[in-house]
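**Q** Quick one: the structure is below, and I'll ask about it shortly.
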Amino acid sequence: MSAVPPLEPALRLAVALLHSYWVLQDPVDQLSVARLRAAGRELGLAEVTDPLGEADLPRLRDLRDQLYQVFAAPDSAARVATLNEVLAEFSAGTAVESAPDGTLRLTPLPRPGPVGPFAALVSGALARAAATGGTDRFGVCAADPCRAPYLDRTRAGRQRYCCELCNNRAAAAAYRSRSRRT
């Protein structure tokens, strides 16, 4: 069994942004400039995170919410359409298009916008992930009430939970439900 390749740093930063809101943590919204700057430094992307300031937090929350909608979209076509909306609004410099053979490819877009470099980096990373692995690998956790986004990196492409905690919680709930019926 081969090891799963590591995520590119920009994609890891996108995941860090998305996971700054999670109903299973207290407080649920943990987005802060300090948190993004720390993640950027750790990933070697300080040039896009260090310029962010407190005034950018509302726009970053909006970016996070819209990126979440990419993962929560009901099918591949809706994920591509939603990702393209995010790319256009936040000026990531790319759009995802379906080629006639069904593969996805990236096309350039203009780049204006207030949180431009950060948004360009993280949404562009999601666009590259969509173009190389397909949007069927984007999903939201099936464990109630979690609904955290995840990028399925399993070989079989059957991931349903964002983490081991949610997988275990869902399995325990299913076991309890079966036990009550018998």
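Ordered as shown in the structure tokens, chains take letters A, B, and onward, while each chain numbers its residues from 1 and ligands are numbered from 1 in the order shown.
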When DSSP is applied to the backbone of this structure, which of chain A are assigned alpha helix (DSSP H)? Write them out as a count of residues only.

**A** 91

**Q** May I ask for the distance between atom CA of Tyr161 of chain A and atom CA of Phe138 of chain A, given in Å to one decimal place?

**A**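 Separating atom CA of Tyr161 of chain A from atom CA of Phe138 of chain A is a distance of 11.3 Å.
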
**Q** Just checking: using only C-alpha atoms, which residue out of A:Arg59, A:Trp22, A:Leu13, A:Arg181 ends up closest to Ala38 of chain A?

**A**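 Counting only C-alpha atoms, the residue closest to Ala38 of chain A is A:Leu13.
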
**Q** Pick the closest to Gln159 of chain A from A:Arg137, A:Arg180, A:Ala129, A:Gln69: which is it, counting only C-alpha atoms?

**A** A:Arg137

**Q** Nearest to Gly134 of chain A: which of A:Arg79, A:Val122, A:Pro149, A:Arg158 is it, counting only C-alpha atoms?

**A**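 Among the listed residues, the smallest separation from Gly134 of chain A belongs to A:Arg79.
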
**Q** Please compute the atom CA of Ser32 of chain A-atom CA of Leu126 of chain A distance, one decimal, in Å.

**A**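 Here the two named atoms are 21.1 Å from each other.
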
**Q** Fewer than 5 positions away in the same chain doesn't count, so skip those; otherwise give me all residues within 10 Å of Ala130 of chain A, counting only C-alpha atoms, as a list in words.

**A**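 Counting only C-alpha atoms, the residues come to Ser76, Arg79, Val80, Leu83, Val96, Thr103, Leu104, Arg105, Leu106, Gly124, Ala125, Thr135, Asp136, Arg137, Phe138 and Leu151 of chain A.
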
**Q** Please indicate the distance in Å from atom CA of Phe118 of chain A to atom CA of Val48 of chain A, rounded to one decimal place.

**A**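 Between these atoms lies a distance of 5.2 Å.
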